[in-house]
Every structure is written in C-alpha cells, then in structure tokens.
file protein-v7.pdb (PDB, C-alpha atoms, pLDDT in the B column)
ATOM      1  CA  MET A  36       0.000   0.000   0.000  1.00 52.00           C
ATOM      2  CA  MET A  37       2.815   2.390   0.920  1.00 53.00           C
ATOM      3  CA  ARG A  38       4.670   1.511  -2.281  1.00 63.00           C
ATOM      4  CA  GLN A  39       1.560   2.239  -4.362  1.00 66.00           C
ATOM      5  CA  HIS A  40       1.130   5.608  -2.604  1.00 62.00           C
ATOM      6  CA  THR A  41       4.772   6.487  -3.298  1.00 69.00           C
ATOM      7  CA  ARG A  42       4.367   5.651  -7.011  1.00 75.00           C
ATOM      8  CA  LEU A  43       1.247   7.836  -7.226  1.00 78.00           C
ATOM      9  CA  VAL A  44       3.009  10.794  -5.593  1.00 79.00           C
ATOM     10  CA  GLY A  45       6.062  10.364  -7.828  1.00 78.00           C
ATOM     11  CA  TRP A  46       4.037  10.273 -11.029  1.00 83.00           C
ATOM     12  CA  SER A  47       1.957  13.266  -9.910  1.00 87.00           C
ATOM     13  CA  LEU A  48       5.089  15.318  -9.299  1.00 89.00           C
ATOM     14  CA  ALA A  49       6.546  14.200 -12.630  1.00 90.00           C
ATOM     15  CA  MET A  50       3.378  15.197 -14.518  1.00 91.00           C
ATOM     16  CA  LEU A  51       3.317  18.594 -12.793  1.00 92.00           C
ATOM     17  CA  ALA A  52       6.955  19.215 -13.724  1.00 92.00           C
ATOM     18  CA  ILE A  53       6.339  18.136 -17.340  1.00 92.00           C
ATOM     19  CA  ALA A  54       3.286  20.401 -17.601  1.00 93.00           C
ATOM     20  CA  LEU A  55       5.266  23.340 -16.176  1.00 93.00           C
ATOM     21  CA  PHE A  56       8.223  22.838 -18.527  1.00 93.00           C
ATOM     22  CA  CYS A  57       5.915  22.460 -21.557  1.00 94.00           C
ATOM     23  CA  THR A  58       4.064  25.657 -20.589  1.00 93.00           C
ATOM     24  CA  LEU A  59       7.340  27.579 -20.327  1.00 94.00           C
ATOM     25  CA  GLY A  60       8.526  26.149 -23.649  1.00 93.00           C
ATOM     26  CA  THR A  61       5.277  27.140 -25.352  1.00 93.00           C
ATOM     27  CA  TRP A  62       5.531  30.654 -23.901  1.00 92.00           C
ATOM     28  CA  GLN A  63       9.057  31.024 -25.296  1.00 92.00           C
ATOM     29  CA  LEU A  64       7.857  29.874 -28.730  1.00 92.00           C
ATOM     30  CA  GLN A  65       5.053  32.438 -28.609  1.00 90.00           C
ATOM     31  CA  ARG A  66       7.593  35.139 -27.723  1.00 87.00           C
ATOM     32  CA  LYS A  67       9.744  34.050 -30.675  1.00 89.00           C
ATOM     33  CA  LEU A  68       6.818  34.180 -33.112  1.00 88.00           C
ATOM     34  CA  GLY A  69       5.647  37.539 -31.761  1.00 84.00           C
ATOM     35  CA  LYS A  70       9.055  39.123 -32.207  1.00 82.00           C
ATOM     36  CA  GLU A  71       9.482  37.664 -35.688  1.00 83.00           C
ATOM     37  CA  ALA A  72       6.106  39.157 -36.634  1.00 79.00           C
ATOM     38  CA  LEU A  73       7.168  42.530 -35.200  1.00 77.00           C
ATOM     39  CA  LEU A  74      10.415  42.495 -37.205  1.00 77.00           C
ATOM     40  CA  ALA A  75       8.506  41.589 -40.377  1.00 76.00           C
ATOM     41  CA  GLN A  76       6.030  44.435 -39.797  1.00 74.00           C
ATOM     42  CA  ALA A  77       8.909  46.868 -39.211  1.00 72.00           C
ATOM     43  CA  GLY A  78      10.578  45.820 -42.469  1.00 75.00           C
ATOM     44  CA  SER A  79       7.340  46.294 -44.372  1.00 72.00           C
ATOM     45  CA  ALA A  80       6.715  49.674 -42.729  1.00 73.00           C
ATOM     46  CA  MET A  81      10.206  50.965 -43.536  1.00 73.00           C
ATOM     47  CA  ALA A  82       9.718  50.035 -47.190  1.00 71.00           C
ATOM     48  CA  SER A  83       6.433  51.955 -47.370  1.00 76.00           C
ATOM     49  CA  ALA A  84       5.814  55.656 -47.924  1.00 80.00           C
ATOM     50  CA  PRO A  85       5.205  57.578 -44.660  1.00 84.00           C
ATOM     51  CA  VAL A  86       1.656  58.434 -43.637  1.00 84.00           C
ATOM     52  CA  GLY A  87       0.588  61.539 -41.741  1.00 91.00           C
ATOM     53  CA  LEU A  88       1.376  61.336 -38.029  1.00 92.00           C
ATOM     54  CA  ALA A  89      -1.907  62.951 -36.944  1.00 90.00           C
ATOM     55  CA  ALA A  90      -3.993  60.513 -38.994  1.00 89.00           C
ATOM     56  CA  ALA A  91      -1.944  57.531 -37.786  1.00 90.00           C
ATOM     57  CA  LEU A  92      -2.439  58.495 -34.129  1.00 90.00           C
ATOM     58  CA  ASP A  93      -6.184  58.982 -34.597  1.00 87.00           C
ATOM     59  CA  GLY A  94      -6.511  55.540 -36.228  1.00 84.00           C
ATOM     60  CA  PRO A  95      -6.130  52.044 -34.754  1.00 86.00           C
ATOM     61  CA  PRO A  96      -2.675  51.278 -33.271  1.00 85.00           C
ATOM     62  CA  ARG A  97      -0.302  49.611 -35.715  1.00 85.00           C
ATOM     63  CA  LEU A  98       3.351  49.778 -36.653  1.00 87.00           C
ATOM     64  CA  GLN A  99       3.869  52.220 -39.518  1.00 90.00           C
ATOM     65  CA  ARG A 100       6.216  54.823 -40.919  1.00 90.00           C
ATOM     66  CA  VAL A 101       4.959  58.336 -40.226  1.00 92.00           C
ATOM     67  CA  GLN A 102       5.791  61.984 -40.790  1.00 92.00           C
ATOM     68  CA  GLY A 103       4.283  65.186 -39.465  1.00 92.00           C
ATOM     69  CA  HIS A 104       4.728  68.711 -38.182  1.00 94.00           C
ATOM     70  CA  GLY A 105       3.875  69.592 -34.598  1.00 93.00           C
ATOM     71  CA  ARG A 106       5.084  70.858 -31.246  1.00 93.00           C
ATOM     72  CA  PHE A 107       6.773  69.403 -28.184  1.00 94.00           C
ATOM     73  CA  LEU A 108       5.624  69.699 -24.610  1.00 92.00           C
ATOM     74  CA  ALA A 109       8.585  70.860 -22.491  1.00 88.00           C
ATOM     75  CA  ALA A 110       8.427  67.895 -20.104  1.00 90.00           C
ATOM     76  CA  GLN A 111      10.257  64.604 -20.349  1.00 92.00           C
ATOM     77  CA  VAL A 112      10.343  61.009 -19.158  1.00 92.00           C
ATOM     78  CA  LEU A 113      13.688  59.237 -18.755  1.00 93.00           C
ATOM     79  CA  LEU A 114      13.175  55.479 -19.076  1.00 93.00           C
ATOM     80  CA  ASP A 115      15.732  53.661 -16.912  1.00 90.00           C
ATOM     81  CA  ASN A 116      17.543  50.341 -17.470  1.00 87.00           C
ATOM     82  CA  GLN A 117      17.959  50.721 -21.224  1.00 87.00           C
ATOM     83  CA  LEU A 118      20.890  48.971 -22.906  1.00 84.00           C
ATOM     84  CA  ARG A 119      22.884  50.162 -25.899  1.00 84.00           C
ATOM     85  CA  GLU A 120      26.016  48.349 -27.074  1.00 80.00           C
ATOM     86  CA  GLY A 121      26.209  46.581 -23.717  1.00 80.00           C
ATOM     87  CA  ARG A 122      26.041  49.773 -21.640  1.00 85.00           C
ATOM     88  CA  ALA A 123      23.248  50.713 -19.240  1.00 87.00           C
ATOM     89  CA  GLY A 124      21.547  54.053 -19.617  1.00 90.00           C
ATOM     90  CA  ILE A 125      18.303  55.927 -20.037  1.00 91.00           C
ATOM     91  CA  ARG A 126      16.031  56.581 -23.012  1.00 92.00           C
ATOM     92  CA  VAL A 127      14.600  60.098 -23.324  1.00 93.00           C
ATOM     93  CA  TYR A 128      10.933  60.615 -24.202  1.00 95.00           C
ATOM     94  CA  GLN A 129       8.931  63.806 -24.744  1.00 95.00           C
ATOM     95  CA  PRO A 130       5.241  64.331 -25.551  1.00 95.00           C
ATOM     96  CA  PHE A 131       4.552  65.649 -29.054  1.00 95.00           C
ATOM     97  CA  LEU A 132       1.307  66.807 -30.670  1.00 93.00           C
ATOM     98  CA  ALA A 133       1.054  66.555 -34.455  1.00 91.00           C
ATOM     99  CA  GLU A 134      -0.533  69.488 -36.252  1.00 89.00           C
ATOM    100  CA  GLY A 135      -4.218  68.827 -36.802  1.00 84.00           C
ATOM    101  CA  GLY A 136      -4.224  65.811 -34.489  1.00 82.00           C
ATOM    102  CA  ASN A 137      -5.892  65.043 -31.178  1.00 84.00           C
ATOM    103  CA  HIS A 138      -3.540  62.521 -29.594  1.00 89.00           C
ATOM    104  CA  TRP A 139      -0.175  63.266 -28.004  1.00 93.00           C
ATOM    105  CA  VAL A 140       2.590  60.721 -28.536  1.00 94.00           C
ATOM    106  CA  LEU A 141       5.837  60.075 -26.662  1.00 95.00           C
ATOM    107  CA  VAL A 142       8.783  60.674 -28.992  1.00 95.00           C
ATOM    108  CA  ASP A 143      11.879  58.523 -28.443  1.00 94.00           C
ATOM    109  CA  LEU A 144      14.681  61.102 -28.550  1.00 94.00           C
ATOM    110  CA  GLY A 145      17.445  58.564 -27.997  1.00 91.00           C
ATOM    111  CA  TRP A 146      19.754  57.039 -25.418  1.00 92.00           C
ATOM    112  CA  LEU A 147      22.152  58.500 -22.859  1.00 91.00           C
ATOM    113  CA  PRO A 148      24.545  56.605 -20.526  1.00 90.00           C
ATOM    114  CA  MET A 149      23.731  56.465 -16.820  1.00 87.00           C
ATOM    115  CA  PRO A 150      26.751  57.386 -14.638  1.00 84.00           C
ATOM    116  CA  ALA A 151      28.151  54.782 -12.245  1.00 82.00           C
ATOM    117  CA  ASP A 152      26.903  56.799  -9.263  1.00 83.00           C
ATOM    118  CA  ARG A 153      23.354  56.598 -10.679  1.00 83.00           C
ATOM    119  CA  ARG A 154      23.042  60.373 -10.702  1.00 85.00           C
ATOM    120  CA  VAL A 155      20.421  61.225 -13.307  1.00 83.00           C
ATOM    121  CA  PRO A 156      22.035  63.366 -16.041  1.00 82.00           C
ATOM    122  CA  ALA A 157      20.586  66.802 -16.765  1.00 83.00           C
ATOM    123  CA  VAL A 158      18.809  66.607 -20.115  1.00 86.00           C
ATOM    124  CA  ALA A 159      17.625  69.784 -21.832  1.00 87.00           C
ATOM    125  CA  PRO A 160      14.138  69.237 -23.289  1.00 88.00           C
ATOM    126  CA  VAL A 161      13.388  69.924 -26.941  1.00 90.00           C
ATOM    127  CA  SER A 162      11.078  72.905 -27.385  1.00 87.00           C
ATOM    128  CA  GLY A 163       9.094  74.534 -30.145  1.00 88.00           C
ATOM    129  CA  GLU A 164       7.732  73.199 -33.420  1.00 91.00           C
ATOM    130  CA  HIS A 165       9.463  70.549 -35.532  1.00 92.00           C
ATOM    131  CA  GLU A 166       8.964  68.298 -38.522  1.00 93.00           C
ATOM    132  CA  LEU A 167       9.388  64.688 -37.393  1.00 93.00           C
ATOM    133  CA  SER A 168       9.524  61.315 -39.101  1.00 91.00           C
ATOM    134  CA  GLY A 169      10.108  57.792 -37.918  1.00 91.00           C
ATOM    135  CA  LEU A 170       8.336  54.620 -36.875  1.00 91.00           C
ATOM    136  CA  LEU A 171       5.125  54.681 -34.868  1.00 92.00           C
ATOM    137  CA  ALA A 172       5.685  51.531 -32.842  1.00 88.00           C
ATOM    138  CA  PRO A 173       4.626  49.642 -29.710  1.00 87.00           C
ATOM    139  CA  ALA A 174       6.014  50.931 -26.424  1.00 85.00           C
ATOM    140  CA  PRO A 175       8.955  49.074 -24.844  1.00 82.00           C
ATOM    141  CA  ALA A 176       7.923  45.952 -22.947  1.00 74.00           C
ATOM    142  CA  ALA A 177       7.143  46.818 -19.333  1.00 64.00           C
ATOM    143  CA  GLY A 178       7.962  43.438 -17.777  1.00 55.00           C
ATOM    144  CA  VAL A 179       6.532  42.657 -14.352  1.00 55.00           C
ATOM    145  CA  ALA A 180       4.900  45.808 -12.941  1.00 54.00           C
ATOM    146  CA  MET A 181       6.273  46.141  -9.415  1.00 62.00           C
ATOM    147  CA  GLY A 182       6.525  49.301  -7.303  1.00 62.00           C
ATOM    148  CA  GLU A 183       6.238  52.888  -8.459  1.00 79.00           C
ATOM    149  CA  SER A 184       6.429  53.343 -12.213  1.00 81.00           C
ATOM    150  CA  MET A 185       8.135  56.764 -12.063  1.00 83.00           C
ATOM    151  CA  GLN A 186       9.441  59.474  -9.767  1.00 86.00           C
ATOM    152  CA  ALA A 187      10.234  63.153 -10.198  1.00 84.00           C
ATOM    153  CA  THR A 188      13.914  64.087 -10.572  1.00 84.00           C
ATOM    154  CA  GLY A 189      13.484  67.779 -11.347  1.00 76.00           C
ATOM    155  CA  ALA A 190      11.152  70.330 -12.822  1.00 78.00           C
ATOM    156  CA  ASP A 191       9.080  68.570 -15.511  1.00 84.00           C
ATOM    157  CA  THR A 192      11.484  65.588 -15.540  1.00 88.00           C
ATOM    158  CA  TRP A 193      10.576  62.077 -14.411  1.00 89.00           C
ATOM    159  CA  LEU A 194      12.659  58.908 -14.127  1.00 91.00           C
ATOM    160  CA  ALA A 195      10.582  55.841 -15.028  1.00 90.00           C
ATOM    161  CA  VAL A 196      11.105  52.087 -14.871  1.00 88.00           C
ATOM    162  CA  ARG A 197       8.245  51.501 -17.309  1.00 88.00           C
ATOM    163  CA  LEU A 198       6.030  53.645 -19.519  1.00 89.00           C
ATOM    164  CA  ASP A 199       2.829  54.016 -17.499  1.00 89.00           C
ATOM    165  CA  PHE A 200       0.878  56.150 -19.997  1.00 91.00           C
ATOM    166  CA  PRO A 201      -2.045  57.206 -17.758  1.00 90.00           C
ATOM    167  CA  ARG A 202       0.344  58.348 -15.047  1.00 90.00           C
ATOM    168  CA  ILE A 203       2.661  60.046 -17.535  1.00 90.00           C
ATOM    169  CA  ALA A 204      -0.268  62.026 -18.936  1.00 90.00           C
ATOM    170  CA  ARG A 205      -1.288  63.008 -15.412  1.00 89.00           C
ATOM    171  CA  GLU A 206       2.129  63.925 -13.997  1.00 88.00           C
ATOM    172  CA  LEU A 207       3.366  65.749 -17.099  1.00 88.00           C
ATOM    173  CA  GLN A 208       0.002  67.516 -17.374  1.00 88.00           C
ATOM    174  CA  VAL A 209      -0.413  66.525 -20.998  1.00 88.00           C
ATOM    175  CA  PRO A 210      -3.308  68.667 -22.305  1.00 88.00           C
ATOM    176  CA  GLY A 211      -5.161  65.919 -24.159  1.00 86.00           C
ATOM    177  CA  PRO A 212      -5.387  62.162 -24.758  1.00 90.00           C
ATOM    178  CA  MET A 213      -2.117  60.249 -25.133  1.00 90.00           C
ATOM    179  CA  SER A 214      -1.374  57.405 -27.528  1.00 91.00           C
ATOM    180  CA  GLY A 215      -0.223  54.068 -26.132  1.00 90.00           C
ATOM    181  CA  GLN A 216       2.396  53.901 -28.898  1.00 92.00           C
ATOM    182  CA  VAL A 217       5.740  55.717 -29.182  1.00 93.00           C
ATOM    183  CA  LEU A 218       7.370  57.491 -32.117  1.00 94.00           C
ATOM    184  CA  ARG A 219      10.821  56.014 -32.821  1.00 92.00           C
ATOM    185  CA  LEU A 220      12.484  59.119 -34.240  1.00 91.00           C
ATOM    186  CA  ASP A 221      14.442  58.842 -37.483  1.00 90.00           C
ATOM    187  CA  PRO A 222      18.206  58.834 -36.641  1.00 87.00           C
ATOM    188  CA  ASP A 223      18.875  61.325 -39.470  1.00 87.00           C
ATOM    189  CA  ILE A 224      16.875  64.066 -37.712  1.00 89.00           C
ATOM    190  CA  ALA A 225      19.186  66.463 -35.851  1.00 87.00           C
ATOM    191  CA  LEU A 226      17.400  66.199 -32.508  1.00 88.00           C
ATOM    192  CA  GLY A 227      18.040  64.325 -29.306  1.00 86.00           C
ATOM    193  CA  HIS A 228      20.674  61.699 -28.646  1.00 88.00           C
ATOM    194  CA  ALA A 229      22.142  58.416 -29.912  1.00 86.00           C
ATOM    195  CA  ARG A 230      19.449  56.210 -31.435  1.00 86.00           C
ATOM    196  CA  ASP A 231      18.503  53.811 -34.213  1.00 82.00           C
ATOM    197  CA  LEU A 232      15.347  52.108 -35.431  1.00 77.00           C
ATOM    198  CA  ALA A 233      16.204  48.626 -34.126  1.00 75.00           C
ATOM    199  CA  MET A 234      12.931  47.064 -32.992  1.00 69.00           C
ATOM    200  CA  LEU A 235      14.453  44.885 -30.240  1.00 71.00           C
ATOM    201  CA  PRO A 236      17.058  47.162 -28.620  1.00 66.00           C
ATOM    202  CA  ASN A 237      16.580  46.048 -25.032  1.00 66.00           C
ATOM    203  CA  THR A 238      15.373  42.470 -25.223  1.00 72.00           C
ATOM    204  CA  LEU A 239      16.203  39.000 -26.517  1.00 76.00           C
ATOM    205  CA  PRO A 240      16.203  38.197 -30.257  1.00 80.00           C
ATOM    206  CA  PRO A 241      13.866  35.467 -31.590  1.00 84.00           C
ATOM    207  CA  ALA A 242      16.687  32.911 -31.835  1.00 86.00           C
ATOM    208  CA  ARG A 243      17.331  33.141 -28.092  1.00 87.00           C
ATOM    209  CA  HIS A 244      13.677  32.438 -27.346  1.00 90.00           C
ATOM    210  CA  LEU A 245      13.859  29.365 -29.588  1.00 91.00           C
ATOM    211  CA  GLY A 246      16.921  28.189 -27.664  1.00 93.00           C
ATOM    212  CA  TYR A 247      15.134  28.593 -24.335  1.00 93.00           C
ATOM    213  CA  ALA A 248      12.061  26.781 -25.692  1.00 93.00           C
ATOM    214  CA  VAL A 249      14.232  23.817 -26.724  1.00 93.00           C
ATOM    215  CA  GLN A 250      15.740  23.744 -23.231  1.00 94.00           C
ATOM    216  CA  TRP A 251      12.328  23.705 -21.512  1.00 94.00           C
ATOM    217  CA  PHE A 252      10.962  20.986 -23.792  1.00 93.00           C
ATOM    218  CA  GLY A 253      14.193  19.038 -23.270  1.00 94.00           C
ATOM    219  CA  LEU A 254      13.685  19.179 -19.519  1.00 93.00           C
ATOM    220  CA  ALA A 255      10.109  17.925 -19.942  1.00 93.00           C
ATOM    221  CA  ILE A 256      11.358  14.964 -21.997  1.00 93.00           C
ATOM    222  CA  ALA A 257      14.105  14.265 -19.438  1.00 93.00           C
ATOM    223  CA  VAL A 258      11.595  14.142 -16.579  1.00 91.00           C
ATOM    224  CA  LEU A 259       9.371  11.780 -18.561  1.00 91.00           C
ATOM    225  CA  VAL A 260      12.284   9.472 -19.409  1.00 91.00           C
ATOM    226  CA  ILE A 261      13.466   9.380 -15.789  1.00 90.00           C
ATOM    227  CA  ALA A 262       9.946   8.629 -14.543  1.00 87.00           C
ATOM    228  CA  VAL A 263       9.522   5.798 -17.072  1.00 88.00           C
ATOM    229  CA  LEU A 264      12.917   4.313 -16.178  1.00 88.00           C
ATOM    230  CA  LEU A 265      12.142   4.386 -12.458  1.00 84.00           C
ATOM    231  CA  GLU A 266       8.779   2.716 -13.107  1.00 80.00           C
ATOM    232  CA  TRP A 267      10.468   0.065 -15.242  1.00 83.00           C
ATOM    233  CA  ARG A 268      13.052  -0.674 -12.546  1.00 82.00           C
ATOM    234  CA  GLN A 269      10.371  -1.054  -9.890  1.00 78.00           C
ATOM    235  CA  ARG A 270       8.408  -3.453 -12.088  1.00 76.00           C
ATOM    236  CA  ARG A 271      11.553  -5.565 -12.710  1.00 76.00           C
ATOM    237  CA  ARG A 272      12.187  -5.826  -8.980  1.00 75.00           C
ATOM    238  CA  ARG A 273       8.621  -7.030  -8.404  1.00 67.00           C
TER     239      ARG A 273
END

call {"tool": "encode", "arguments": {"input": "protein-v7.pdb", "output": "structure tokens"}}
result
Amino acid sequence: MMRQHTRLVGWSLAMLAIALFCTLGTWQLQRKLGKEALLAQAGSAMASAPVGLAAALDGPPRLQRVQGHGRFLAAQVLLDNQLREGRAGIRVYQPFLAEGGNHWVLVDLGWLPMPADRRVPAVAPVSGEHELSGLLAPAPAAGVAMGESMQATGADTWLAVRLDFPRIARELQVPGPMSGQVLRLDPDIALGHARDLAMLPNTLPPARHLGYAVQWFGLAIAVLVIAVLLEWRQRRRR
C-alpha cells in the first residue's frame, strides 16, 4: 500500500513538472513568433511611404512609418535600465502633438549613458515646433509591474522604470489624450541623442527564445524518461 502511494506521488510530481516545462517552452515559442512578426512588420513599414502622423495616431494602433509637423511639450520622461552596445543608460521621451491631431505621442529622442553613481544626467528638453519622421511603434515591454512606475527628478522631468501612460499624462500635465504607442524618431533628424530604429534594442532576439524553448521541452522529456525508467526498474524488482 505504501509503495503504491509512493508511485502515485512520484508520477503526480513528474506530470506537474512536465506540464510546467511544456508551458514555459510554449511561452518562449510564442515570444519568438511575436518578435518575428514585429520584425517583419517593421521591415514592411520601412519600405512603405510615410503616412501623416496625426492621422496615424487617430486611427487604430499599428506599426507604420509616419511623418508630421507639430510641437513638443517641455516635459520629459527618462526610461531607466535601457541597454545600448552593452552599456546601461536611459532613453529620453517627450510628448509631441502633431498638427491637426488630437492625440499626443511620446517621442523617443534617444539614449544617454547612466553614470556609475546613478546620478540622473541633466537633459535639456526639446522645445518649439518641428517636422518629425520615424516609426510609430509599440512601447517598450514593461515586464513585471512592481513598485512605483516613475518618480520626479526635477522640474518637468521624471525617471521611469516603465512607460505608465495614464500616469505620464497626469504627472506631465499633458493637455489631451495620449497614444499608447511611441514614435521612434528617425536617426537622421538632428534632434536628441544616440538612437537607431532597431525594434528589439533592449530584449532577446527570436533565436534566443527558440533556444530557451528547446531547453524547456528538453527538460520535460528528461523528466518523462526518468519517470519511465524508475517505473520500469520497480516493475523488474517485483
């Protein structure tokens, strides 16, 4: 009776482990496919003629190449924990309203290094009217939302760990609705800081997700093989 109970517990634990590893493997495959789709959309958008920024912001969210004239709001969000060429830093965002549009959008003005002492660098905001072009794209992945999303570091300047759009609109006193997308500014425009239009600047490429998926599925197979071998050995002893 005790031996039968032990076998039942062992198989239950093995099945739970296999289910967990298969779930994690499937999640990694979904991440791989999602990022491949995003890269394909970006390639298609870059090969297309730009559409008006105001019209793009008023329409349904999608990745597209845009261009438009408008004005900046002299307030900024510095997104922390952003990598560029292996270095940690911040990414500078400012709200921008396209001429004739209703929705404000955060413009990615580029990357700056964060000093070793973690003292937030002084960043002069862009002001006035400008003609912008670039990619209207999804916001950077927020990850697990824990703790405060942002804190003030000066007049009209906020350091953020994720782009919390409702709070950004509230704290920066954005005078109108804000898009949940960001404008990845064209690197050729003489504004802001170091930047490019890479779609996965701060996260894993699709190939890495495939590698992790193979590892998780491999662990699931290993658990199954071990469980079958143990069962076989017990049956031989009996």

call {"tool": "resolve_selection", "arguments": {"input": "protein-v7.pdb", "expression": "the PyMOL selection byres ((chain A and resi 227) around 10)", "output": "list in words"}}
result
Val127, Tyr128, Val142, Asp143, Leu144, Gly145, Trp146, Leu147, Val158, Ala159, Pro160, Val161, Leu220, Pro222, Ile224, Ala225, Leu226, His228, Ala229 and Arg230 of chain A

call {"tool": "residues_around", "arguments": {"input": "protein-v7.pdb", "residues": "segment 240-249 of chain A", "least_positions_apart": "2", "cutoff": "9 Å", "atoms": "all atoms listed in the file", "output": "list of chain:residue names"}}
result
A:Cys57, A:Leu59, A:Gly60, A:Thr61, A:Trp62, A:Gln63, A:Leu64, A:Gln65, A:Arg66, A:Lys67, A:Leu68, A:Gly69, A:Lys70, A:Glu71, A:Leu235, A:Thr238, A:Trp251, A:Phe252, A:Gly253, A:Leu254

call {"tool": "residues_around", "arguments": {"input": "protein-v7.pdb", "residues": "Ser168 of chain A", "least_positions_apart": "6", "cutoff": "8 Å", "atoms": "all atoms listed in the file", "output": "PyMOL selection string"}}
result
chain A and resi 85+100-103+220-221+224

call {"tool": "closest_residue", "arguments": {"input": "protein-v7.pdb", "among": "A:Pro96, A:Pro156, A:Pro175, A:Pro150", "to": "Gln117 of chain A", "atoms": "all atoms listed in the file"}}
result
A:Pro175

call {"tool": "resolve_selection", "arguments": {"input": "protein-v7.pdb", "expression": "the PyMOL selection byres ((chain A and resi 130) around 10)", "output": "number ranges by chain"}}
result
A: 106-112, 128-129, 131-132, 138-143, 161, 203-204, 207, 209, 213-214, 217-218

call {"tool": "residues_around", "arguments": {"input": "protein-v7.pdb", "residues": "Gly135 of chain A", "least_positions_apart": "5", "cutoff": "12 Å", "atoms": "only C-alpha atoms", "output": "MDAnalysis selection string"}}
result
chainID A and resid 87:93 103:106

call {"tool": "resolve_selection", "arguments": {"input": "protein-v7.pdb", "expression": "the PyMOL selection byres ((chain A and resi 49-51) around 10)", "output": "VMD selection string"}}
result
chain A and resid 43 to 48 52 to 57 255 258 to 259 261 to 263

call {"tool": "write_last_selection", "arguments": {"input": "protein-v7.pdb", "atoms": "C-alpha atoms", "output": "PDB file, in the coordinates of the input"}}
result
ATOM      1  CA  LEU A  43       1.247   7.836  -7.226  1.00 78.00           C
ATOM      2  CA  VAL A  44       3.009  10.794  -5.593  1.00 79.00           C
ATOM      3  CA  GLY A  45       6.062  10.364  -7.828  1.00 78.00           C
ATOM      4  CA  TRP A  46       4.037  10.273 -11.029  1.00 83.00           C
ATOM      5  CA  SER A  47       1.957  13.266  -9.910  1.00 87.00           C
ATOM      6  CA  LEU A  48       5.089  15.318  -9.299  1.00 89.00           C
ATOM      7  CA  ALA A  52       6.955  19.215 -13.724  1.00 92.00           C
ATOM      8  CA  ILE A  53       6.339  18.136 -17.340  1.00 92.00           C
ATOM      9  CA  ALA A  54       3.286  20.401 -17.601  1.00 93.00           C
ATOM     10  CA  LEU A  55       5.266  23.340 -16.176  1.00 93.00           C
ATOM     11  CA  PHE A  56       8.223  22.838 -18.527  1.00 93.00           C
ATOM     12  CA  CYS A  57       5.915  22.460 -21.557  1.00 94.00           C
ATOM     13  CA  ALA A 255      10.109  17.925 -19.942  1.00 93.00           C
ATOM     14  CA  VAL A 258      11.595  14.142 -16.579  1.00 91.00           C
ATOM     15  CA  LEU A 259       9.371  11.780 -18.561  1.00 91.00           C
ATOM     16  CA  ILE A 261      13.466   9.380 -15.789  1.00 90.00           C
ATOM     17  CA  ALA A 262       9.946   8.629 -14.543  1.00 87.00           C
ATOM     18  CA  VAL A 263       9.522   5.798 -17.072  1.00 88.00           C
TER      19      VAL A 263
END

call {"tool": "atom_distance", "arguments": {"input": "protein-v7.pdb", "atom1": "atom CA of Gln76 of chain A", "atom2": "atom CA of Leu98 of chain A"}}
result
6.8 Å

call {"tool": "atom_distance", "arguments": {"input": "protein-v7.pdb", "atom1": "atom CA of Leu113 of chain A", "atom2": "atom CA of Ala72 of chain A"}}
result
27.9 Å

call {"tool": "decode", "arguments": {"input": "protein-v7.pdb", "residues": "segment 241-245 of chain A", "atoms": "all heavy atoms", "output": "PDB file, in the first residue's frame"}}
result
ATOM      1  N   PRO A 241      14.671  36.683 -31.456  1.00  0.00           N
ATOM      2  CA  PRO A 241      13.866  35.467 -31.590  1.00  0.00           C
ATOM      3  C   PRO A 241      14.662  34.178 -31.424  1.00  0.00           C
ATOM      4  O   PRO A 241      14.155  33.200 -30.853  1.00  0.00           O
ATOM      5  CB  PRO A 241      13.296  35.591 -33.005  1.00  0.00           C
ATOM      6  CG  PRO A 241      13.257  37.065 -33.269  1.00  0.00           C
ATOM      7  CD  PRO A 241      14.461  37.615 -32.573  1.00  0.00           C
ATOM      8  N   ALA A 242      15.896  34.144 -31.921  1.00  0.00           N
ATOM      9  CA  ALA A 242      16.687  32.911 -31.835  1.00  0.00           C
ATOM     10  C   ALA A 242      16.945  32.499 -30.388  1.00  0.00           C
ATOM     11  O   ALA A 242      16.995  31.306 -30.072  1.00  0.00           O
ATOM     12  CB  ALA A 242      18.013  33.099 -32.579  1.00  0.00           C
ATOM     13  N   ARG A 243      17.112  33.469 -29.501  1.00  0.00           N
ATOM     14  CA  ARG A 243      17.331  33.141 -28.092  1.00  0.00           C
ATOM     15  C   ARG A 243      16.085  32.520 -27.480  1.00  0.00           C
ATOM     16  O   ARG A 243      16.170  31.595 -26.664  1.00  0.00           O
ATOM     17  CB  ARG A 243      17.728  34.402 -27.323  1.00  0.00           C
ATOM     18  CG  ARG A 243      19.114  34.932 -27.652  1.00  0.00           C
ATOM     19  CD  ARG A 243      20.216  34.071 -27.066  1.00  0.00           C
ATOM     20  NE  ARG A 243      20.199  34.101 -25.622  1.00  0.00           N
ATOM     21  CZ  ARG A 243      20.752  35.063 -24.878  1.00  0.00           C
ATOM     22  NH1 ARG A 243      21.363  36.071 -25.468  1.00  0.00           N
ATOM     23  NH2 ARG A 243      20.708  35.008 -23.570  1.00  0.00           N
ATOM     24  N   HIS A 244      14.916  33.024 -27.854  1.00  0.00           N
ATOM     25  CA  HIS A 244      13.677  32.438 -27.346  1.00  0.00           C
ATOM     26  C   HIS A 244      13.514  30.996 -27.835  1.00  0.00           C
ATOM     27  O   HIS A 244      13.045  30.133 -27.083  1.00  0.00           O
ATOM     28  CB  HIS A 244      12.475  33.280 -27.783  1.00  0.00           C
ATOM     29  CG  HIS A 244      12.375  34.593 -27.068  1.00  0.00           C
ATOM     30  ND1 HIS A 244      12.073  34.691 -25.730  1.00  0.00           N
ATOM     31  CD2 HIS A 244      12.556  35.862 -27.500  1.00  0.00           C
ATOM     32  CE1 HIS A 244      12.050  35.957 -25.371  1.00  0.00           C
ATOM     33  NE2 HIS A 244      12.346  36.696 -26.430  1.00  0.00           N
ATOM     34  N   LEU A 245      13.915  30.733 -29.079  1.00  0.00           N
ATOM     35  CA  LEU A 245      13.859  29.365 -29.588  1.00  0.00           C
ATOM     36  C   LEU A 245      14.787  28.462 -28.782  1.00  0.00           C
ATOM     37  O   LEU A 245      14.423  27.328 -28.434  1.00  0.00           O
ATOM     38  CB  LEU A 245      14.243  29.340 -31.063  1.00  0.00           C
ATOM     39  CG  LEU A 245      14.305  27.954 -31.713  1.00  0.00           C
ATOM     40  CD1 LEU A 245      12.946  27.265 -31.635  1.00  0.00           C
ATOM     41  CD2 LEU A 245      14.774  28.071 -33.159  1.00  0.00           C
TER      42      LEU A 245
END
